[in-house]
file work.csv (CSV, N, CA and C atoms)
chain,number,residue,atom,x,y,z
A,21,MET,N,123.1,24.3,53.3
A,21,MET,CA,122.8,23.1,52.7
A,21,MET,C,124.1,22.4,52.2
A,22,PRO,N,124.2,21.1,52.5
A,22,PRO,CA,125.4,20.4,52.0
A,22,PRO,C,125.5,20.3,50.5
A,23,GLN,N,126.7,20.6,49.9
A,23,GLN,CA,126.8,20.5,48.5
A,23,GLN,C,127.5,19.3,48.1
A,24,VAL,N,127.0,18.6,47.1
A,24,VAL,CA,127.6,17.4,46.6
A,24,VAL,C,127.8,17.6,45.1
A,25,LYS,N,129.0,17.4,44.6
A,25,LYS,CA,129.3,17.5,43.2
A,25,LYS,C,129.2,16.2,42.5
A,26,SER,N,128.8,16.2,41.3
A,26,SER,CA,128.6,14.9,40.6
A,26,SER,C,129.8,14.0,40.6
A,27,ASN,N,131.0,14.5,40.6
A,27,ASN,CA,132.2,13.7,40.6
A,27,ASN,C,132.4,13.1,42.0
A,28,ASN,N,131.7,13.5,43.1
A,28,ASN,CA,131.8,12.9,44.4
A,28,ASN,C,130.9,11.7,44.5
A,29,LEU,N,130.0,11.5,43.6
A,29,LEU,CA,129.1,10.3,43.7
A,29,LEU,C,129.9,9.0,43.6
A,30,VAL,N,131.1,9.0,43.0
A,30,VAL,CA,131.8,7.8,42.9
A,30,VAL,C,132.1,7.2,44.3
A,31,ASP,N,132.1,8.1,45.3
A,31,ASP,CA,132.3,7.6,46.7
A,31,ASP,C,131.2,6.7,47.2
A,32,LEU,N,130.0,6.8,46.6
A,32,LEU,CA,128.9,6.0,47.0
A,32,LEU,C,129.0,4.5,46.5
A,33,ASN,N,129.9,4.3,45.6
A,33,ASN,CA,130.1,3.0,45.0
A,33,ASN,C,131.0,2.1,45.8
A,34,LEU,N,130.7,2.1,47.1
A,34,LEU,CA,131.5,1.3,48.0
A,34,LEU,C,130.5,0.3,48.7
A,35,THR,N,130.9,-0.9,48.8
A,35,THR,CA,130.1,-2.0,49.3
A,35,THR,C,130.2,-2.1,50.8
A,36,LYS,N,131.2,-1.5,51.4
A,36,LYS,CA,131.4,-1.6,52.9
A,36,LYS,C,131.0,-0.4,53.7
A,37,LEU,N,130.1,0.4,53.2
A,37,LEU,CA,129.6,1.6,54.0
A,37,LEU,C,128.7,1.1,55.0
A,38,SER,N,128.7,1.6,56.2
A,38,SER,CA,127.8,1.3,57.2
A,38,SER,C,126.4,2.0,56.9
A,39,GLY,N,125.4,1.5,57.5
A,39,GLY,CA,124.1,2.1,57.2
A,39,GLY,C,124.0,3.6,57.5
A,40,VAL,N,124.7,4.0,58.6
A,40,VAL,CA,124.7,5.4,59.0
A,40,VAL,C,125.5,6.2,58.0
A,41,SER,N,126.6,5.7,57.5
A,41,SER,CA,127.5,6.4,56.5
A,41,SER,C,126.7,6.6,55.2
A,42,LEU,N,126.1,5.5,54.8
A,42,LEU,CA,125.4,5.5,53.5
A,42,LEU,C,124.2,6.5,53.6
A,43,LYS,N,123.5,6.5,54.7
A,43,LYS,CA,122.4,7.4,54.9
A,43,LYS,C,122.8,8.9,54.8
A,44,LYS,N,123.9,9.2,55.5
A,44,LYS,CA,124.5,10.6,55.4
A,44,LYS,C,124.8,11.0,54.0
A,45,GLN,N,125.5,10.1,53.3
A,45,GLN,CA,125.9,10.4,51.9
A,45,GLN,C,124.7,10.6,51.0
A,46,ILE,N,123.7,9.7,51.1
A,46,ILE,CA,122.5,9.8,50.3
A,46,ILE,C,121.7,11.1,50.7
A,47,GLU,N,121.6,11.4,52.0
A,47,GLU,CA,121.0,12.7,52.4
A,47,GLU,C,121.6,13.9,51.7
A,48,LYS,N,123.0,13.9,51.7
A,48,LYS,CA,123.7,15.0,51.1
A,48,LYS,C,123.4,15.1,49.6
A,49,MET,N,123.4,13.9,49.0
A,49,MET,CA,123.1,13.9,47.5
A,49,MET,C,121.7,14.4,47.2
A,50,LEU,N,120.7,13.9,48.0
A,50,LEU,CA,119.3,14.3,47.7
A,50,LEU,C,119.2,15.8,48.0
A,51,ALA,N,119.8,16.3,49.1
A,51,ALA,CA,119.7,17.7,49.4
A,51,ALA,C,120.3,18.6,48.3
A,52,SER,N,121.3,18.1,47.6
A,52,SER,CA,122.0,18.8,46.5
A,52,SER,C,121.3,18.6,45.1
A,53,SER,N,120.2,17.8,45.1
A,53,SER,CA,119.6,17.5,43.8
A,53,SER,C,118.4,18.5,43.5
A,54,SER,N,118.3,18.9,42.3
A,54,SER,CA,117.2,19.7,41.9
A,54,SER,C,116.0,18.9,41.6
A,55,GLN,N,116.2,17.6,41.2
A,55,GLN,CA,115.1,16.7,40.9
A,55,GLN,C,115.6,15.3,41.4
A,56,CYS,N,114.7,14.5,41.9
A,56,CYS,CA,115.1,13.2,42.3
A,56,CYS,C,113.8,12.3,42.4
A,57,LYS,N,114.0,11.0,42.3
A,57,LYS,CA,113.0,10.0,42.5
A,57,LYS,C,113.6,8.7,42.9
A,58,ALA,N,112.8,7.9,43.6
A,58,ALA,CA,113.2,6.6,43.9
A,58,ALA,C,112.3,5.6,43.2
A,59,ILE,N,113.0,4.5,42.7
A,59,ILE,CA,112.3,3.5,42.0
A,59,ILE,C,112.5,2.2,42.7
A,60,LEU,N,111.5,1.5,43.2
A,60,LEU,CA,111.6,0.2,43.8
A,60,LEU,C,111.7,-0.8,42.6
A,61,GLU,N,112.9,-1.4,42.4
A,61,GLU,CA,113.0,-2.3,41.3
A,61,GLU,C,112.6,-3.7,41.6
A,62,THR,N,113.0,-4.3,42.7
A,62,THR,CA,112.7,-5.6,43.1
A,62,THR,C,112.6,-5.8,44.6
A,63,VAL,N,111.8,-6.7,45.0
A,63,VAL,CA,111.7,-7.1,46.4
A,63,VAL,C,111.6,-8.7,46.5
A,64,ASN,N,112.5,-9.3,47.2
A,64,ASN,CA,112.5,-10.7,47.4
A,64,ASN,C,111.8,-10.9,48.8
A,65,HIS,N,110.6,-11.4,48.8
A,65,HIS,CA,109.8,-11.5,50.0
A,65,HIS,C,110.3,-12.7,50.9
A,66,ASP,N,111.0,-13.6,50.3
A,66,ASP,CA,111.6,-14.7,51.0
A,66,ASP,C,112.8,-14.3,51.9
A,67,THR,N,113.7,-13.5,51.3
A,67,THR,CA,114.9,-13.1,52.0
A,67,THR,C,114.9,-11.7,52.6
A,68,GLY,N,113.9,-10.8,52.1
A,68,GLY,CA,113.9,-9.4,52.6
A,68,GLY,C,114.8,-8.5,51.8
A,69,GLU,N,115.5,-9.1,50.8
A,69,GLU,CA,116.4,-8.3,50.0
A,69,GLU,C,115.6,-7.4,49.0
A,70,TYR,N,116.1,-6.2,48.8
A,70,TYR,CA,115.4,-5.2,47.9
A,70,TYR,C,116.4,-4.5,47.1
A,71,ARG,N,115.9,-3.8,46.0
A,71,ARG,CA,116.8,-3.0,45.2
A,71,ARG,C,116.0,-1.7,44.9
A,72,ILE,N,116.6,-0.6,45.3
A,72,ILE,CA,116.0,0.7,45.1
A,72,ILE,C,117.0,1.5,44.2
A,73,VAL,N,116.5,2.1,43.2
A,73,VAL,CA,117.3,3.0,42.3
A,73,VAL,C,116.9,4.4,42.5
A,74,LEU,N,117.9,5.2,42.8
A,74,LEU,CA,117.7,6.7,43.0
A,74,LEU,C,118.1,7.3,41.7
A,75,GLN,N,117.3,8.2,41.1
A,75,GLN,CA,117.6,8.9,39.9
A,75,GLN,C,117.3,10.3,40.1
A,76,GLY,N,118.2,11.2,39.7
A,76,GLY,CA,118.0,12.6,39.9
A,76,GLY,C,119.0,13.4,39.1
A,77,ILE,N,119.0,14.7,39.4
A,77,ILE,CA,119.9,15.7,38.8
A,77,ILE,C,120.6,16.5,39.9
A,78,ILE,N,121.9,16.4,40.0
A,78,ILE,CA,122.7,17.2,40.9
A,78,ILE,C,122.7,18.6,40.5
A,79,ASP,N,122.4,19.5,41.4
A,79,ASP,CA,122.4,21.0,41.1
A,79,ASP,C,123.9,21.4,41.0
A,80,GLN,N,124.3,21.8,39.8
A,80,GLN,CA,125.7,22.1,39.5
A,80,GLN,C,126.1,23.5,39.8
A,81,THR,N,125.1,24.3,40.2
A,81,THR,CA,125.4,25.7,40.5
A,81,THR,C,126.1,25.8,41.9
A,82,SER,N,127.1,26.6,42.0
A,82,SER,CA,127.9,26.8,43.2
A,82,SER,C,127.3,27.9,44.1
A,83,THR,N,127.2,27.5,45.4
A,83,THR,CA,126.6,28.5,46.3
A,83,THR,C,127.7,29.1,47.2
A,84,SER,N,129.0,28.7,47.0
A,84,SER,CA,130.1,29.2,47.8
A,84,SER,C,130.7,30.4,47.2
call {"tool": "encode", "arguments": {"input": "work.csv", "output": "structure tokens"}}
result
Amino acid sequence: MPQVKSNNLVDLNLTKLSGVSLKKQIEKMLASSSQCKAILETVNHDTGEYRIVLQGIIDQTSTS
């Protein structure tokens, strides 16, 4: 299982990630989380723009 440390989450704060790169980073983060949920904050039906907030707890135990 891919391990993500909480200090690596800063890497997600990039606006120029491709969809594929962002998906991989989020998949790693979710796989490393002991709890997580997604909250749909807003949807603009005119433009298709949306905002989703991911909230969770990164498992800090080391498996290596």
call {"tool": "residues_around", "arguments": {"input": "work.csv", "residues": "region 51-55 of chain A", "least_positions_apart": "2", "cutoff": "6.5 Å", "atoms": "all atoms listed in the file", "output": "list in words"}}
result
Pro22, Gln23, Val24, Ile46, Glu47, Lys48, Met49, Lys57, Gln75, Gly76, Ile77, Ile78 and Asp79 of chain A
call {"tool": "write_last_selection", "arguments": {"input": "work.csv", "atoms": "N, CA and C atoms", "output": "PDB file, keeping the file's coordinate frame"}}
result
ATOM      1  N   PRO A  22     124.200  21.100  52.500  1.00  0.00           N
ATOM      2  CA  PRO A  22     125.400  20.400  52.000  1.00  0.00           C
ATOM      3  C   PRO A  22     125.500  20.300  50.500  1.00  0.00           C
ATOM      4  N   GLN A  23     126.700  20.600  49.900  1.00  0.00           N
ATOM      5  CA  GLN A  23     126.800  20.500  48.500  1.00  0.00           C
ATOM      6  C   GLN A  23     127.500  19.300  48.100  1.00  0.00           C
ATOM      7  N   VAL A  24     127.000  18.600  47.100  1.00  0.00           N
ATOM      8  CA  VAL A  24     127.600  17.400  46.600  1.00  0.00           C
ATOM      9  C   VAL A  24     127.800  17.600  45.100  1.00  0.00           C
ATOM     10  N   ILE A  46     123.700   9.700  51.100  1.00  0.00           N
ATOM     11  CA  ILE A  46     122.500   9.800  50.300  1.00  0.00           C
ATOM     12  C   ILE A  46     121.700  11.100  50.700  1.00  0.00           C
ATOM     13  N   GLU A  47     121.600  11.400  52.000  1.00  0.00           N
ATOM     14  CA  GLU A  47     121.000  12.700  52.400  1.00  0.00           C
ATOM     15  C   GLU A  47     121.600  13.900  51.700  1.00  0.00           C
ATOM     16  N   LYS A  48     123.000  13.900  51.700  1.00  0.00           N
ATOM     17  CA  LYS A  48     123.700  15.000  51.100  1.00  0.00           C
ATOM     18  C   LYS A  48     123.400  15.100  49.600  1.00  0.00           C
ATOM     19  N   MET A  49     123.400  13.900  49.000  1.00  0.00           N
ATOM     20  CA  MET A  49     123.100  13.900  47.500  1.00  0.00           C
ATOM     21  C   MET A  49     121.700  14.400  47.200  1.00  0.00           C
ATOM     22  N   LYS A  57     114.000  11.000  42.300  1.00  0.00           N
ATOM     23  CA  LYS A  57     113.000  10.000  42.500  1.00  0.00           C
ATOM     24  C   LYS A  57     113.600   8.700  42.900  1.00  0.00           C
ATOM     25  N   GLN A  75     117.300   8.200  41.100  1.00  0.00           N
ATOM     26  CA  GLN A  75     117.600   8.900  39.900  1.00  0.00           C
ATOM     27  C   GLN A  75     117.300  10.300  40.100  1.00  0.00           C
ATOM     28  N   GLY A  76     118.200  11.200  39.700  1.00  0.00           N
ATOM     29  CA  GLY A  76     118.000  12.600  39.900  1.00  0.00           C
ATOM     30  C   GLY A  76     119.000  13.400  39.100  1.00  0.00           C
ATOM     31  N   ILE A  77     119.000  14.700  39.400  1.00  0.00           N
ATOM     32  CA  ILE A  77     119.900  15.700  38.800  1.00  0.00           C
ATOM     33  C   ILE A  77     120.600  16.500  39.900  1.00  0.00           C
ATOM     34  N   ILE A  78     121.900  16.400  40.000  1.00  0.00           N
ATOM     35  CA  ILE A  78     122.700  17.200  40.900  1.00  0.00           C
ATOM     36  C   ILE A  78     122.700  18.600  40.500  1.00  0.00           C
ATOM     37  N   ASP A  79     122.400  19.500  41.400  1.00  0.00           N
ATOM     38  CA  ASP A  79     122.400  21.000  41.100  1.00  0.00           C
ATOM     39  C   ASP A  79     123.900  21.400  41.000  1.00  0.00           C
TER      40      ASP A  79
END
call {"tool": "atom_distance", "arguments": {"input": "work.csv", "atom1": "atom C of Cys56 (chain A)", "atom2": "atom N of Ile72 (chain A)"}}
result
13.5 Å
call {"tool": "atom_distance", "arguments": {"input": "work.csv", "atom1": "atom N of Glu61 (chain A)", "atom2": "atom N of Ser38 (chain A)"}}
result
21.2 Å
call {"tool": "atom_distance", "arguments": {"input": "work.csv", "atom1": "CA of Leu74 (chain A)", "atom2": "CA of Lys43 (chain A)"}}
result
12.8 Å
call {"tool": "residues_around", "arguments": {"input": "work.csv", "residues": "Val73 (chain A)", "least_positions_apart": "4", "cutoff": "8 Å", "atoms": "only C-alpha atoms", "output": "VMD selection string"}}
result
chain A and resid 58 to 61
call {"tool": "decode", "arguments": {"input": "work.csv", "residues": "region 35-76 of chain A", "atoms": "C-alpha atoms", "output": "mmCIF file, in the first residue's frame"}}
result
data_model
loop_
_atom_site.group_PDB
_atom_site.id
_atom_site.type_symbol
_atom_site.label_atom_id
_atom_site.label_comp_id
_atom_site.auth_asym_id
_atom_site.auth_seq_id
_atom_site.Cartn_x
_atom_site.Cartn_y
_atom_site.Cartn_z
ATOM 1 C CA THR A 35 -2.758 24.365 -9.421
ATOM 2 C CA LYS A 36 -0.998 22.964 -12.491
ATOM 3 C CA LEU A 37 -1.361 19.220 -11.807
ATOM 4 C CA SER A 38 -2.823 17.203 -14.645
ATOM 5 C CA GLY A 39 -5.969 15.218 -13.927
ATOM 6 C CA VAL A 40 -3.968 11.979 -14.022
ATOM 7 C CA SER A 41 -1.312 13.283 -11.597
ATOM 8 C CA LEU A 42 -3.923 14.658 -9.215
ATOM 9 C CA LYS A 43 -5.853 11.369 -9.294
ATOM 10 C CA LYS A 44 -2.698 9.385 -8.428
ATOM 11 C CA GLN A 45 -1.821 11.719 -5.539
ATOM 12 C CA ILE A 46 -5.356 11.611 -4.133
ATOM 13 C CA GLU A 47 -5.520 7.805 -4.490
ATOM 14 C CA LYS A 48 -2.286 7.498 -2.477
ATOM 15 C CA MET A 49 -3.606 9.890 0.153
ATOM 16 C CA LEU A 50 -6.920 8.041 0.512
ATOM 17 C CA ALA A 51 -5.162 4.650 0.648
ATOM 18 C CA SER A 52 -2.994 6.001 3.481
ATOM 19 C CA SER A 53 -5.960 7.367 5.437
ATOM 20 C CA SER A 54 -7.605 5.595 8.354
ATOM 21 C CA GLN A 55 -10.723 7.751 7.963
ATOM 22 C CA CYS A 56 -11.904 9.906 5.076
ATOM 23 C CA LYS A 57 -14.966 11.555 3.630
ATOM 24 C CA ALA A 58 -15.821 13.756 0.676
ATOM 25 C CA ILE A 59 -18.054 16.786 1.040
ATOM 26 C CA LEU A 60 -19.617 18.381 -2.039
ATOM 27 C CA GLU A 61 -19.535 22.087 -1.146
ATOM 28 C CA THR A 62 -20.829 23.761 -4.286
ATOM 29 C CA VAL A 63 -21.942 23.058 -7.836
ATOM 30 C CA ASN A 64 -22.418 25.738 -10.468
ATOM 31 C CA HIS A 65 -24.912 24.212 -12.884
ATOM 32 C CA ASP A 66 -24.290 26.965 -15.447
ATOM 33 C CA THR A 67 -20.528 26.438 -15.767
ATOM 34 C CA GLY A 68 -20.108 22.861 -14.483
ATOM 35 C CA GLU A 69 -17.624 24.063 -11.865
ATOM 36 C CA TYR A 70 -17.678 22.200 -8.553
ATOM 37 C CA ARG A 71 -15.845 22.161 -5.217
ATOM 38 C CA ILE A 72 -15.246 18.968 -3.284
ATOM 39 C CA VAL A 73 -13.555 18.937 0.117
ATOM 40 C CA LEU A 74 -11.741 15.791 1.232
ATOM 41 C CA GLN A 75 -11.417 15.401 4.977
ATOM 42 C CA GLY A 76 -9.627 12.579 6.717
#
